[in-house]
file protein03.cif (mmCIF, C-alpha atoms and all ligand atoms)
data_final
loop_
_atom_site.label_atom_id
_atom_site.label_comp_id
_atom_site.auth_asym_id
_atom_site.auth_seq_id
_atom_site.Cartn_x
_atom_site.Cartn_y
_atom_site.Cartn_z
CA MET A 1 -28.69 7.49 13.99
CA GLY A 2 -29.76 7.89 10.33
CA SER A 3 -26.96 9.17 8.15
CA ILE A 4 -27.14 12.76 6.92
CA LEU A 5 -26.18 13.41 3.29
CA PHE A 6 -24.08 16.59 3.33
CA LYS A 7 -23.80 18.56 0.06
CA THR A 8 -20.29 19.78 0.72
CA ALA A 9 -17.55 19.63 3.36
CA ASP A 10 -18.89 22.73 5.15
CA SER A 11 -18.34 23.43 8.84
CA GLU A 12 -21.35 21.28 9.78
CA ALA A 13 -19.98 18.29 7.83
CA VAL A 14 -16.51 18.77 9.34
CA ALA A 15 -17.99 18.92 12.86
CA PHE A 16 -20.06 15.77 12.18
CA PHE A 17 -16.98 13.97 10.87
CA ARG A 18 -14.85 14.99 13.87
CA GLU A 19 -17.50 13.85 16.30
CA ASN A 20 -18.58 10.60 14.64
CA GLY A 21 -15.45 9.54 12.73
CA TRP A 22 -17.33 9.43 9.41
CA ALA A 23 -19.58 11.57 7.17
CA VAL A 24 -21.49 11.06 3.92
CA ILE A 25 -21.00 13.87 1.39
CA ASN A 26 -22.61 14.04 -2.05
CA LEU A 27 -19.68 15.11 -4.25
CA LEU A 28 -20.41 14.00 -7.81
CA ASP A 29 -23.30 15.07 -10.04
CA GLU A 30 -25.04 12.64 -12.39
CA GLY A 31 -22.69 13.28 -15.33
CA GLN A 32 -19.60 12.82 -13.16
CA THR A 33 -21.06 9.64 -11.67
CA GLN A 34 -21.68 8.22 -15.14
CA ALA A 35 -18.13 9.14 -16.19
CA LEU A 36 -16.80 7.38 -13.08
CA GLN A 37 -18.82 4.26 -13.89
CA GLY A 38 -17.40 4.26 -17.44
CA TRP A 39 -13.81 4.67 -16.15
CA VAL A 40 -14.22 1.81 -13.72
CA ASN A 41 -15.56 -0.41 -16.52
CA GLU A 42 -12.36 0.45 -18.43
CA VAL A 43 -10.16 -0.55 -15.47
CA MET A 44 -12.08 -3.81 -15.07
CA ALA A 45 -11.25 -4.67 -18.67
CA TRP A 46 -7.49 -4.09 -18.25
CA ARG A 47 -5.42 -7.25 -18.68
CA ASP A 48 -3.12 -8.20 -15.78
CA GLU A 49 -0.05 -8.33 -17.98
CA ASP A 50 -0.35 -4.87 -19.55
CA GLY A 51 0.73 -2.72 -16.58
CA ASN A 52 1.77 -2.56 -12.94
CA TRP A 53 -1.77 -2.22 -11.62
CA LEU A 54 -2.86 -5.12 -9.44
CA HIS A 55 -6.06 -7.03 -10.03
CA TYR A 56 -7.20 -9.48 -7.33
CA ARG A 57 -9.88 -12.14 -7.83
CA GLU A 58 -12.10 -14.15 -5.52
CA MET A 59 -14.11 -17.33 -6.07
CA THR A 60 -17.90 -16.96 -5.97
CA GLU A 61 -20.69 -19.42 -6.70
CA SER A 62 -20.70 -18.12 -10.27
CA GLY A 63 -16.93 -18.58 -10.65
CA PRO A 64 -13.88 -16.30 -10.30
CA VAL A 65 -14.58 -12.54 -10.29
CA LEU A 66 -12.48 -9.42 -9.80
CA CYS A 67 -12.63 -8.32 -6.17
CA ARG A 68 -10.08 -5.49 -6.13
CA THR A 69 -7.79 -3.38 -8.33
CA GLU A 70 -5.15 -1.11 -6.87
CA ASN A 71 -2.33 1.14 -8.08
CA PHE A 72 -4.32 2.37 -11.10
CA VAL A 73 -3.87 6.16 -10.76
CA PRO A 74 -0.63 6.22 -12.80
CA TYR A 75 -2.47 4.58 -15.71
CA HIS A 76 -5.82 6.40 -15.87
CA GLU A 77 -6.01 10.13 -16.44
CA GLY A 78 -9.67 10.57 -15.45
CA LEU A 79 -9.33 8.66 -12.20
CA ARG A 80 -6.04 10.42 -11.43
CA ALA A 81 -7.68 13.83 -11.82
CA LEU A 82 -10.72 12.74 -9.79
CA LEU A 83 -8.59 11.62 -6.84
CA THR A 84 -5.79 14.18 -6.88
CA GLU A 85 -7.54 17.46 -7.82
CA GLY A 86 -10.82 19.28 -7.34
CA ARG A 87 -13.64 18.52 -4.93
CA VAL A 88 -12.46 15.14 -3.67
CA LEU A 89 -9.03 16.46 -2.64
CA GLU A 90 -10.58 19.68 -1.26
CA THR A 91 -12.87 17.53 0.91
CA ALA A 92 -9.90 15.48 2.16
CA ASN A 93 -8.12 18.76 3.07
CA ALA A 94 -11.18 20.08 4.89
CA LEU A 95 -11.85 16.91 6.89
CA LEU A 96 -8.19 16.32 7.72
CA GLY A 97 -7.88 20.00 8.65
CA GLU A 98 -4.69 20.45 6.63
CA PRO A 99 -3.42 19.85 3.07
CA ALA A 100 -3.65 16.19 2.07
CA VAL A 101 -1.92 14.04 -0.53
CA LEU A 102 -3.02 10.71 -2.04
CA TYR A 103 -1.48 7.80 -0.10
CA LYS A 104 -3.05 4.89 -1.99
CA GLU A 105 -6.13 3.93 -3.98
CA LYS A 106 -8.19 0.82 -4.62
CA ILE A 107 -11.46 -0.28 -6.14
CA ASN A 108 -13.41 -2.97 -4.29
CA TYR A 109 -15.84 -4.57 -6.73
CA LYS A 110 -17.97 -6.75 -4.43
CA ALA A 111 -19.75 -8.48 -7.30
CA ALA A 112 -22.99 -10.38 -6.62
CA GLY A 113 -21.91 -13.21 -4.33
CA GLY A 114 -18.68 -11.38 -3.37
CA ALA A 115 -17.35 -11.61 0.17
CA GLY A 116 -17.40 -9.04 2.97
CA PHE A 117 -14.77 -7.62 5.31
CA ALA A 118 -14.24 -8.50 8.99
CA PRO A 119 -14.51 -5.64 11.54
CA HIS A 120 -11.29 -3.64 11.48
CA GLN A 121 -9.65 -0.24 11.66
CA ASP A 122 -7.46 0.79 8.73
CA ALA A 123 -4.70 2.47 10.74
CA PRO A 124 -2.82 -0.77 11.63
CA ALA A 125 -2.34 -1.49 7.89
CA TYR A 126 -0.91 1.94 7.07
CA ARG A 127 2.82 2.33 7.35
CA PHE A 128 4.80 5.58 7.70
CA VAL A 129 2.00 8.04 8.46
CA GLN A 130 0.05 9.23 11.51
CA GLN A 131 -2.70 11.37 9.96
CA HIS A 132 -4.80 9.77 7.28
CA ILE A 133 -8.37 9.69 6.07
CA SER A 134 -10.17 7.32 3.72
CA CYS A 135 -13.09 7.80 1.44
CA MET A 136 -15.51 5.38 -0.18
CA ILE A 137 -16.79 6.78 -3.47
CA ALA A 138 -19.86 4.72 -4.36
CA ILE A 139 -19.80 3.63 -8.00
CA ASP A 140 -23.07 1.71 -7.63
CA ASP A 141 -25.71 2.38 -4.97
CA ALA A 142 -24.47 0.70 -1.78
CA ASP A 143 -27.06 -0.46 0.72
CA ALA A 144 -27.60 -3.17 3.32
CA GLY A 145 -28.75 -5.58 0.54
CA ASN A 146 -25.48 -5.53 -1.41
CA GLY A 147 -23.03 -5.16 1.48
CA CYS A 148 -22.58 -1.45 2.23
CA LEU A 149 -20.14 -0.39 4.93
CA GLU A 150 -21.14 -0.58 8.58
CA ALA A 151 -19.32 1.64 11.05
CA VAL A 152 -19.18 2.54 14.73
CA SER A 153 -19.48 6.21 15.68
CA HIS A 154 -17.31 7.98 18.28
CA ARG A 155 -14.65 5.21 18.38
CA HIS A 156 -11.86 6.79 16.30
CA ALA A 157 -9.67 8.03 19.17
CA GLU A 158 -7.54 4.90 19.55
CA VAL A 159 -6.50 1.62 17.99
CA LEU A 160 -8.68 -1.11 19.53
CA PRO A 161 -7.48 -4.56 20.69
CA MET A 162 -6.90 -6.86 17.71
CA ASN A 163 -6.98 -10.59 16.96
CA GLU A 164 -4.28 -12.53 15.08
CA ASP A 165 -5.65 -11.26 11.73
CA GLY A 166 -5.12 -7.62 12.68
CA CYS A 167 -8.92 -7.20 12.93
CA ILE A 168 -10.89 -6.05 15.99
CA ARG A 169 -11.14 -8.62 18.80
CA GLN A 170 -14.55 -10.31 18.94
CA ASP A 171 -15.47 -9.21 22.48
CA VAL A 172 -14.80 -5.59 21.47
CA VAL A 173 -16.82 -6.02 18.24
CA ASP A 174 -19.75 -7.36 20.26
CA SER A 175 -19.61 -4.46 22.72
CA MET A 176 -20.02 -1.74 20.06
CA GLU A 177 -23.03 -0.38 18.20
CA TRP A 178 -22.72 -0.98 14.45
CA GLU A 179 -24.64 1.11 11.95
CA SER A 180 -25.20 0.39 8.22
CA ILE A 181 -24.30 3.42 6.12
CA PRO A 182 -26.02 3.36 2.70
CA VAL A 183 -24.29 5.51 0.09
CA PRO A 184 -25.95 6.36 -3.26
CA ALA A 185 -23.80 6.16 -6.42
CA GLY A 186 -21.71 9.35 -6.75
CA SER A 187 -21.78 10.10 -3.03
CA THR A 188 -18.82 9.62 -0.74
CA LEU A 189 -18.44 8.15 2.73
CA TRP A 190 -15.42 9.64 4.49
CA PHE A 191 -14.00 7.82 7.47
CA HIS A 192 -11.13 8.25 9.87
CA SER A 193 -8.41 5.59 9.68
CA ARG A 194 -9.32 4.48 13.22
CA THR A 195 -13.09 4.33 12.62
CA PRO A 196 -14.18 0.70 13.17
CA HIS A 197 -15.86 -0.63 10.03
CA ARG A 198 -16.89 -3.88 8.36
CA SER A 199 -19.16 -5.07 5.57
CA ALA A 200 -21.29 -8.11 4.80
CA ALA A 201 -21.10 -10.28 1.70
CA ASN A 202 -23.08 -9.14 -1.31
CA ASN A 203 -26.12 -11.40 -1.12
CA SER A 204 -28.00 -9.51 -3.84
CA ASP A 205 -27.81 -9.85 -7.62
CA ARG A 206 -26.40 -6.28 -7.95
CA PRO A 207 -22.73 -5.26 -7.89
CA ARG A 208 -21.52 -2.95 -5.11
CA ARG A 209 -18.43 -1.33 -6.58
CA ALA A 210 -16.63 1.39 -4.65
CA LEU A 211 -13.48 3.42 -5.14
CA TYR A 212 -11.38 4.03 -2.03
CA PRO A 213 -8.74 6.76 -2.06
CA THR A 214 -6.77 7.23 1.17
CA TYR A 215 -5.00 10.52 1.91
CA ASN A 216 -2.32 11.47 4.40
CA ALA A 217 -1.28 14.88 5.69
CA SER A 218 1.12 16.21 3.07
CA ARG A 219 3.49 17.50 5.77
CA GLU A 220 4.23 13.79 6.42
CA GLY A 221 5.40 13.42 2.82
CA ASP A 222 4.29 12.02 -0.52
CA LEU A 223 4.49 8.34 0.41
CA ARG A 224 2.38 6.64 -2.25
CA ASP A 225 5.34 4.93 -3.97
CA ALA A 226 6.81 3.91 -0.60
CA TYR A 227 3.45 2.45 0.45
CA TYR A 228 3.18 0.20 -2.60
CA GLU A 229 6.86 -0.87 -2.40
CA GLN A 230 6.42 -1.83 1.26
CA LYS A 231 3.14 -3.61 0.61
CA PHE A 232 4.56 -5.75 -2.18
CA ALA A 233 7.65 -6.57 -0.05
CA GLU A 234 5.44 -7.61 2.90
CA PHE A 235 3.22 -9.69 0.60
CA ALA A 236 6.27 -11.45 -0.85
CA ALA A 237 7.60 -12.23 2.65
CA SER A 238 4.31 -13.32 4.20
CA GLU A 239 3.15 -16.90 4.56
CA VAL A 240 0.16 -17.52 2.34
CA ASP A 241 -3.04 -18.50 4.13
CA GLY A 242 -4.67 -20.60 1.40
CA SER A 243 -8.18 -20.13 2.78
CA ARG A 244 -8.61 -16.43 1.93
CA VAL A 245 -7.53 -13.92 -0.71
CA GLN A 246 -4.83 -11.63 0.63
CA VAL A 247 -5.59 -8.09 -0.52
CA SER A 248 -4.44 -6.11 2.50
CA LEU A 249 -1.67 -5.93 5.09
CA ILE A 250 -4.27 -7.17 7.58
CA ASN A 251 -6.48 -10.21 6.98
CA ASP A 252 -9.79 -8.39 6.82
CA PHE A 253 -11.07 -9.67 3.47
CA GLN A 254 -13.16 -12.84 3.70
CA GLY A 255 -13.02 -13.77 -0.02
CA LYS A 256 -12.17 -17.32 -1.13
CA PRO A 257 -9.11 -17.73 -3.36
CA VAL A 258 -9.52 -18.67 -7.02
O1 LIG B 1 -15.57 -2.48 0.47
C1 LIG B 1 -15.91 -2.96 1.55
O2 LIG B 1 -16.98 -3.54 1.70
C2 LIG B 1 -15.03 -2.83 2.78
C3 LIG B 1 -13.77 -2.15 2.48
C4 LIG B 1 -12.74 -2.20 3.55
O3 LIG B 1 -13.03 -2.08 4.71
C5 LIG B 1 -11.36 -2.36 3.15
O4 LIG B 1 -11.08 -2.52 1.94
O5 LIG B 1 -10.49 -2.35 4.05
#

call {"tool": "encode", "arguments": {"input": "protein03.cif", "output": "structure tokens"}}
result
Amino acid sequence: MGSILFKTADSEAVAFFRENGWAVINLLDEGQTQALQGWVNEVMAWRDEDGNWLHYREMTESGPVLCRTENFVPYHEGLRALLTEGRVLETANALLGEPAVLYKEKINYKAAGGAGFAPHQDAPAYRFVQQHISCMIAIDDADAGNGCLEAVSHRHAEVLPMNEDGCIRQDVVDSMEWESIPVPAGSTLWFHSRTPHRSAANNSDRPRRALYPTYNASREGDLRDAYYEQKFAEFAASEVDGSRVQVSLINDFQGKPV
């Protein structure tokens, strides 16, 4: 199935999302996309020691590079407004079918040579909430060449059997039909927290940066602070696997540590 680029979260987009577990919606115009690219450049230049944001790095053939930043909304007005007001939040409300609130946010940078993500569902990594939805806002064009997301349609009803990393068991991965979902810069790919997804390494010479806000139903509470507290506590208590960078509460990221 080729992906349809919806212009807004209208009833057709909502129906597509409910049926497939994902939908691509073009939310930002050219000016907003350029502003987003500028804001992300600012975040990339932040020094680790100047705030409570979290930068993560991975080793590539050209040396250490940023692979993720999270917890940046308290420190960046433009990004805070983008993720907590206006069209992005309205789309989360429409697709979730009820008012939503920001649960967490991250930027995955996937620089040239950056690693991919093993097949997984997000729901097992999310504590405290039942109803959540994630969004990939493409900062650069994402396509099969630079490691765009791949997803499986119609498989968001349940949590699938997992391996010891909290990722989808190989026999289940092999039994499903995976589809690459290219997303042009400024467009958004919305996906259910149980939609199976993965991505390849970036084997091109172009970056594939993407911003990922996750929202939960606001009737379940404003849990963003609780999420980060729990995540840092679990990271501190977990045994470090020295072969990969730990960026998540499941071991989906394939990046090599610096
Ligand atoms: O950015 C990607 O390529 C995959 C993102 C993802 O699945 C994740 O961060 O859990």

call {"tool": "residues_around", "arguments": {"input": "protein03.cif", "residues": "Gln230 in chain A", "least_positions_apart": "5", "cutoff": "12 Å", "atoms": "only C-alpha atoms", "output": "list in words"}}
result
Ala125, Tyr126, Arg127, Phe128, Leu223, Arg224, Asp225, Phe235, Ala236, Ala237, Ser248 and Leu249 of chain A

call {"tool": "residues_around", "arguments": {"input": "protein03.cif", "residues": "range 152-157 of chain A", "least_positions_apart": "3", "cutoff": "10 Å", "atoms": "all atoms listed in the file", "output": "PyMOL selection string"}}
result
chain A and resi 1+17-22+119+121+160+173+176-180+191-198

call {"tool": "residues_near_ligand", "arguments": {"input": "protein03.cif", "ligand": "ligand LIG 1 (chain B)", "cutoff": "9 Å", "atoms": "only C-alpha atoms and all ligand atoms", "output": "PDB file with C-alpha atoms, keeping the file's coordinate frame"}}
result
ATOM      1  CA  ARG A  68     -10.080  -5.490  -6.130  1.00  0.00           C
ATOM      2  CA  LYS A 106      -8.190   0.820  -4.620  1.00  0.00           C
ATOM      3  CA  ILE A 107     -11.460  -0.280  -6.140  1.00  0.00           C
ATOM      4  CA  ASN A 108     -13.410  -2.970  -4.290  1.00  0.00           C
ATOM      5  CA  TYR A 109     -15.840  -4.570  -6.730  1.00  0.00           C
ATOM      6  CA  LYS A 110     -17.970  -6.750  -4.430  1.00  0.00           C
ATOM      7  CA  ALA A 115     -17.350 -11.610   0.170  1.00  0.00           C
ATOM      8  CA  GLY A 116     -17.400  -9.040   2.970  1.00  0.00           C
ATOM      9  CA  PHE A 117     -14.770  -7.620   5.310  1.00  0.00           C
ATOM     10  CA  ALA A 118     -14.240  -8.500   8.990  1.00  0.00           C
ATOM     11  CA  PRO A 119     -14.510  -5.640  11.540  1.00  0.00           C
ATOM     12  CA  HIS A 120     -11.290  -3.640  11.480  1.00  0.00           C
ATOM     13  CA  GLN A 121      -9.650  -0.240  11.660  1.00  0.00           C
ATOM     14  CA  ASP A 122      -7.460   0.790   8.730  1.00  0.00           C
ATOM     15  CA  MET A 136     -15.510   5.380  -0.180  1.00  0.00           C
ATOM     16  CA  GLY A 147     -23.030  -5.160   1.480  1.00  0.00           C
ATOM     17  CA  CYS A 148     -22.580  -1.450   2.230  1.00  0.00           C
ATOM     18  CA  LEU A 149     -20.140  -0.390   4.930  1.00  0.00           C
ATOM     19  CA  GLU A 150     -21.140  -0.580   8.580  1.00  0.00           C
ATOM     20  CA  PRO A 196     -14.180   0.700  13.170  1.00  0.00           C
ATOM     21  CA  HIS A 197     -15.860  -0.630  10.030  1.00  0.00           C
ATOM     22  CA  ARG A 198     -16.890  -3.880   8.360  1.00  0.00           C
ATOM     23  CA  SER A 199     -19.160  -5.070   5.570  1.00  0.00           C
ATOM     24  CA  ALA A 200     -21.290  -8.110   4.800  1.00  0.00           C
ATOM     25  CA  ALA A 201     -21.100 -10.280   1.700  1.00  0.00           C
ATOM     26  CA  ASN A 202     -23.080  -9.140  -1.310  1.00  0.00           C
ATOM     27  CA  ARG A 208     -21.520  -2.950  -5.110  1.00  0.00           C
ATOM     28  CA  ARG A 209     -18.430  -1.330  -6.580  1.00  0.00           C
ATOM     29  CA  ALA A 210     -16.630   1.390  -4.650  1.00  0.00           C
ATOM     30  CA  LEU A 211     -13.480   3.420  -5.140  1.00  0.00           C
ATOM     31  CA  TYR A 212     -11.380   4.030  -2.030  1.00  0.00           C
ATOM     32  CA  VAL A 247      -5.590  -8.090  -0.520  1.00  0.00           C
ATOM     33  CA  SER A 248      -4.440  -6.110   2.500  1.00  0.00           C
ATOM     34  CA  ILE A 250      -4.270  -7.170   7.580  1.00  0.00           C
ATOM     35  CA  ASP A 252      -9.790  -8.390   6.820  1.00  0.00           C
ATOM     36  CA  PHE A 253     -11.070  -9.670   3.470  1.00  0.00           C
TER      37      PHE A 253
END

call {"tool": "closest_residue", "arguments": {"input": "protein03.cif", "among": "A:Thr91, A:Thr33, A:Ser204, A:Gln170", "to": "Ala112 in chain A", "atoms": "all atoms listed in the file"}}
result
A:Ser204

call {"tool": "atom_distance", "arguments": {"input": "protein03.cif", "atom1": "CA of Gly166 in chain A", "atom2": "CA of Tyr227 in chain A"}}
result
18.0 Å

call {"tool": "closest_residue", "arguments": {"input": "protein03.cif", "among": "A:Ala185, A:Pro213, A:Arg47, A:Ala226", "to": "Gly31 in chain A", "atoms": "only C-alpha atoms"}}
result
A:Ala185

call {"tool": "residues_around", "arguments": {"input": "protein03.cif", "residues": "Val183 in chain A", "least_positions_apart": "3", "cutoff": "10 Å", "atoms": "all atoms listed in the file", "output": "list in words"}}
result
Ser3, Leu5, Val24, Ile25, Asn26, Met136, Ile137, Ala138, Ile139, Asp140, Asp141, Ala142, Asp143, Ala144, Cys148, Leu149, Ser180, Gly186, Ser187, Thr188, Leu189 and Ala210 of chain A

call {"tool": "residues_near_point", "arguments": {"input": "protein03.cif", "point": "(-15.6, 12.9, -12.8)", "cutoff": "8 Å", "atoms": "only C-alpha atoms", "output": "list in words"}}
result
Leu28, Gly31, Gln32, Thr33, Ala35, Leu36, Gly78, Leu79 and Leu82 of chain A

call {"tool": "write_last_selection", "arguments": {"input": "protein03.cif", "atoms": "C-alpha atoms", "output": "JSON list (two decimals), in the frame of the given file"}}
result
[["chain", "number", "residue", "atom", "x", "y", "z"],
["A", 28, "LEU", "CA", -20.41, 14.00, -7.81],
["A", 31, "GLY", "CA", -22.69, 13.28, -15.33],
["A", 32, "GLN", "CA", -19.60, 12.82, -13.16],
["A", 33, "THR", "CA", -21.06, 9.64, -11.67],
["A", 35, "ALA", "CA", -18.13, 9.14, -16.19],
["A", 36, "LEU", "CA", -16.80, 7.38, -13.08],
["A", 78, "GLY", "CA", -9.67, 10.57, -15.45],
["A", 79, "LEU", "CA", -9.33, 8.66, -12.20],
["A", 82, "LEU", "CA", -10.72, 12.74, -9.79]]

call {"tool": "atom_distance", "arguments": {"input": "protein03.cif", "atom1": "CA of Asp29 in chain A", "atom2": "CA of Ala13 in chain A"}}
result
18.5 Å

call {"tool": "atom_distance", "arguments": {"input": "protein03.cif", "atom1": "CA of Tyr75 in chain A", "atom2": "CA of Gln37 in chain A"}}
result
16.5 Å

call {"tool": "closest_residue", "arguments": {"input": "protein03.cif", "among": "A:Trp190, A:Glu158, A:Ser11, A:Arg57", "to": "Ala123 in chain A", "atoms": "all atoms listed in the file"}}
result
A:Glu158

call {"tool": "closest_residue", "arguments": {"input": "protein03.cif", "among": "A:Glu58, A:Glu90, A:Glu70, A:Glu85", "to": "Lys104 in chain A", "atoms": "all atoms listed in the file"}}
result
A:Glu70

call {"tool": "closest_residue", "arguments": {"input": "protein03.cif", "among": "A:Trp46, A:Phe72, A:Tyr215, A:Tyr56", "to": "Ala94 in chain A", "atoms": "all atoms listed in the file"}}
result
A:Tyr215

call {"tool": "closest_residue", "arguments": {"input": "protein03.cif", "among": "A:Ser218, A:Asn146, A:Ser175, A:Asn52", "to": "Phe232 in chain A", "atoms": "only C-alpha atoms"}}
result
A:Asn52
